[in-house]
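Working notes, beginning with the structure itself.
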Amino acid sequence: MIPMAGLSIMALACGLERAGFWYQLLTKEDKIVRGVLEAAHYDLAEARAIAEREKDLPIGRFLVAPLKLKQATPETFRLAMEAAADKEFIQMRKGDKLLETVIAVAPLLGLLGTVTGLIATFSNLNIGGGGGGDQATKAAAGIGEALLTTAAGMMVAIVALVIFECWSLCNQIKWTTFLKWVLS
């Protein structure tokens, strides 16, 4: 059960880190974009300064990339935005592989715990030796404990799957938004 607890902690830590990332991004993004676009109508240097102040967020890095260019053509401007979007998408997907691994490994660890627990339970049974109710009670307790590992593995995997799907949805929505900005 210790590996299961470790997987659970890793999945929850990844989920909390991603929650902080997305909260920051979603609460500040509109203000930053609005500020950069308003400033770009009058002064590209000011628009770049606004974007650079927000370089700790993906939207800031995304917007500053094309604004760094000197006398950019529309095509180079678009290419700079595409390259920045690709880099930011990688950052947005951070933690996905960890969650995918937890989703795959947790049920298998649970199943392994069940199998080893049942093996231990049945190896301790005195088959044909006339074991009494005490032995049956111990066997039932061992089987219950073995099945508990499967349930724990499935619970960890389900929680990790929900976290993964939530952040995948956020990634999909933001990637679509980035592409709209690039292509428009």
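A note on labels: chains of the structure tokens are A, B, ... as shown, every chain counts residues from 1, and ligands are counted from 1 in their shown order.
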
(Q) Just want the 12 Å neighbourhood of stretch 8-21 of chain A, counted on only C-alpha atoms, with same-chain residues fewer than 6 positions away dropped. Output as number ranges by chain. (A) A: 1-2, 27-29, 56-59, 91-103, 105-107, 152-168, 170-171

Include N, CA and C atoms and write out the residues we just selected as a compact mmCIF listing (two decimals), in the first residue's frame.
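Below is the file result-v5.txt, written as the result:
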```
# COMPACT_ATOMS: atom_id res chain seq x y z
N MET A 1 0.82 -1.21 0.00
CA MET A 1 0.00 0.00 0.00
C MET A 1 0.86 1.27 0.00
N ILE A 2 2.13 1.15 0.36
CA ILE A 2 3.01 2.32 0.35
C ILE A 2 3.19 2.86 -1.07
N THR A 27 -7.30 33.72 -14.76
CA THR A 27 -7.73 34.95 -14.09
C THR A 27 -7.02 36.19 -14.62
N LYS A 28 -5.83 36.02 -15.19
CA LYS A 28 -5.06 37.19 -15.63
C LYS A 28 -5.03 37.36 -17.14
N GLU A 29 -5.39 36.33 -17.87
CA GLU A 29 -5.21 36.33 -19.32
C GLU A 29 -5.96 37.45 -20.03
N ASP A 56 5.96 35.65 -16.84
CA ASP A 56 5.83 34.48 -15.98
C ASP A 56 4.60 33.66 -16.35
N LEU A 57 3.72 34.23 -17.17
CA LEU A 57 2.52 33.52 -17.64
C LEU A 57 2.66 33.17 -19.11
N PRO A 58 2.06 32.07 -19.53
CA PRO A 58 2.15 31.67 -20.94
C PRO A 58 1.65 32.74 -21.90
N ILE A 59 0.60 33.43 -21.55
CA ILE A 59 0.05 34.44 -22.46
C ILE A 59 1.04 35.59 -22.66
N GLN A 91 4.39 23.51 -22.18
CA GLN A 91 4.30 23.88 -20.76
C GLN A 91 2.89 23.59 -20.22
N MET A 92 1.89 23.80 -21.06
CA MET A 92 0.52 23.56 -20.62
C MET A 92 0.27 22.08 -20.39
N ARG A 93 1.02 21.21 -21.04
CA ARG A 93 0.84 19.77 -20.91
C ARG A 93 1.71 19.16 -19.80
N LYS A 94 2.37 20.01 -19.05
CA LYS A 94 3.25 19.54 -17.98
C LYS A 94 2.46 18.67 -17.00
N GLY A 95 3.02 17.55 -16.63
CA GLY A 95 2.39 16.65 -15.68
C GLY A 95 1.51 15.58 -16.30
N ASP A 96 1.25 15.69 -17.60
CA ASP A 96 0.38 14.71 -18.24
C ASP A 96 0.94 13.30 -18.19
N LYS A 97 2.22 13.17 -18.45
CA LYS A 97 2.84 11.83 -18.46
C LYS A 97 2.81 11.21 -17.06
N LEU A 98 3.01 12.02 -16.04
CA LEU A 98 2.93 11.50 -14.67
C LEU A 98 1.53 10.98 -14.39
N LEU A 99 0.51 11.76 -14.74
CA LEU A 99 -0.86 11.33 -14.50
C LEU A 99 -1.21 10.09 -15.33
N GLU A 100 -0.76 10.05 -16.57
CA GLU A 100 -1.00 8.87 -17.40
C GLU A 100 -0.37 7.63 -16.78
N THR A 101 0.82 7.78 -16.22
CA THR A 101 1.50 6.66 -15.58
C THR A 101 0.74 6.20 -14.34
N VAL A 102 0.29 7.14 -13.53
CA VAL A 102 -0.48 6.79 -12.33
C VAL A 102 -1.77 6.08 -12.73
N ILE A 103 -2.43 6.57 -13.76
CA ILE A 103 -3.68 5.96 -14.22
C ILE A 103 -3.44 4.51 -14.65
N VAL A 105 -0.63 2.52 -13.76
CA VAL A 105 0.07 1.68 -12.79
C VAL A 105 -0.77 1.39 -11.53
N ALA A 106 -1.56 2.34 -11.08
CA ALA A 106 -2.30 2.15 -9.82
C ALA A 106 -3.21 0.91 -9.84
N PRO A 107 -4.02 0.70 -10.87
CA PRO A 107 -4.84 -0.52 -10.86
C PRO A 107 -4.01 -1.79 -10.92
N ALA A 152 -8.23 0.28 -3.70
CA ALA A 152 -7.36 1.45 -3.54
C ALA A 152 -6.71 1.80 -4.88
N GLY A 153 -6.26 0.81 -5.61
CA GLY A 153 -5.65 1.06 -6.91
C GLY A 153 -6.62 1.71 -7.88
N MET A 154 -7.85 1.23 -7.87
CA MET A 154 -8.85 1.81 -8.76
C MET A 154 -9.22 3.23 -8.34
N MET A 155 -9.31 3.47 -7.04
CA MET A 155 -9.63 4.83 -6.58
C MET A 155 -8.54 5.82 -6.97
N VAL A 156 -7.29 5.44 -6.78
CA VAL A 156 -6.17 6.32 -7.15
C VAL A 156 -6.21 6.58 -8.65
N ALA A 157 -6.44 5.53 -9.44
CA ALA A 157 -6.47 5.70 -10.90
C ALA A 157 -7.65 6.58 -11.33
N ILE A 158 -8.80 6.42 -10.70
CA ILE A 158 -9.98 7.23 -11.06
C ILE A 158 -9.74 8.69 -10.74
N VAL A 159 -9.19 8.97 -9.57
CA VAL A 159 -8.90 10.37 -9.21
C VAL A 159 -7.89 10.97 -10.18
N ALA A 160 -6.84 10.21 -10.50
CA ALA A 160 -5.83 10.70 -11.44
C ALA A 160 -6.44 10.92 -12.82
N LEU A 161 -7.36 10.04 -13.23
CA LEU A 161 -8.02 10.19 -14.53
C LEU A 161 -8.88 11.45 -14.57
N VAL A 162 -9.60 11.73 -13.50
CA VAL A 162 -10.42 12.94 -13.45
C VAL A 162 -9.54 14.19 -13.52
N ILE A 163 -8.44 14.19 -12.77
CA ILE A 163 -7.51 15.32 -12.82
C ILE A 163 -6.95 15.48 -14.23
N PHE A 164 -6.52 14.38 -14.82
CA PHE A 164 -5.95 14.41 -16.16
C PHE A 164 -6.95 14.95 -17.18
N GLU A 165 -8.18 14.49 -17.11
CA GLU A 165 -9.19 14.94 -18.08
C GLU A 165 -9.54 16.41 -17.89
N CYS A 166 -9.58 16.88 -16.66
CA CYS A 166 -9.85 18.31 -16.42
C CYS A 166 -8.78 19.17 -17.07
N TRP A 167 -7.52 18.82 -16.84
CA TRP A 167 -6.43 19.63 -17.39
C TRP A 167 -6.31 19.45 -18.89
N SER A 168 -6.65 18.27 -19.40
CA SER A 168 -6.65 18.07 -20.86
C SER A 168 -7.69 18.96 -21.52
N CYS A 170 -8.76 21.85 -20.32
CA CYS A 170 -8.20 23.21 -20.27
C CYS A 170 -7.17 23.40 -21.38
N ASN A 171 -6.30 22.41 -21.57
CA ASN A 171 -5.29 22.49 -22.62
C ASN A 171 -5.94 22.63 -23.99
```

(Q) Applying 12 Å and only C-alpha atoms, which residues near stretch 32-34 of chain A remain after dropping the ones on its own chain fewer than 2 positions away? List them as a count of residues only. (A) 34

**Q.** Polymer residues at most 8 Å from A:Ala139, only C-alpha atoms, same-chain spacing of 2 or more positions, as a ChimeraX atom specification
**A.** /A:121-122,125,135-137,141-143

Written file, previous selection with C-alpha atoms, as a tab-separated table (two decimals), in the first residue's frame:
```tsv
chain	number	residue	atom	x	y	z
A	121	THR	CA	-4.10	-16.38	2.44
A	122	PHE	CA	-4.44	-19.69	0.61
A	125	LEU	CA	-5.00	-22.45	4.88
A	135	GLN	CA	-9.14	-20.49	10.16
A	136	ALA	CA	-12.09	-19.49	7.96
A	137	THR	CA	-12.29	-16.12	9.73
A	141	ALA	CA	-10.00	-11.30	6.63
A	142	GLY	CA	-7.03	-12.00	4.33
A	143	ILE	CA	-9.26	-12.03	1.26
```

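Computed from the coordinates, the atom CA of A:Ala65 to atom CA of A:Gly35 distance equals 15.9 Å.
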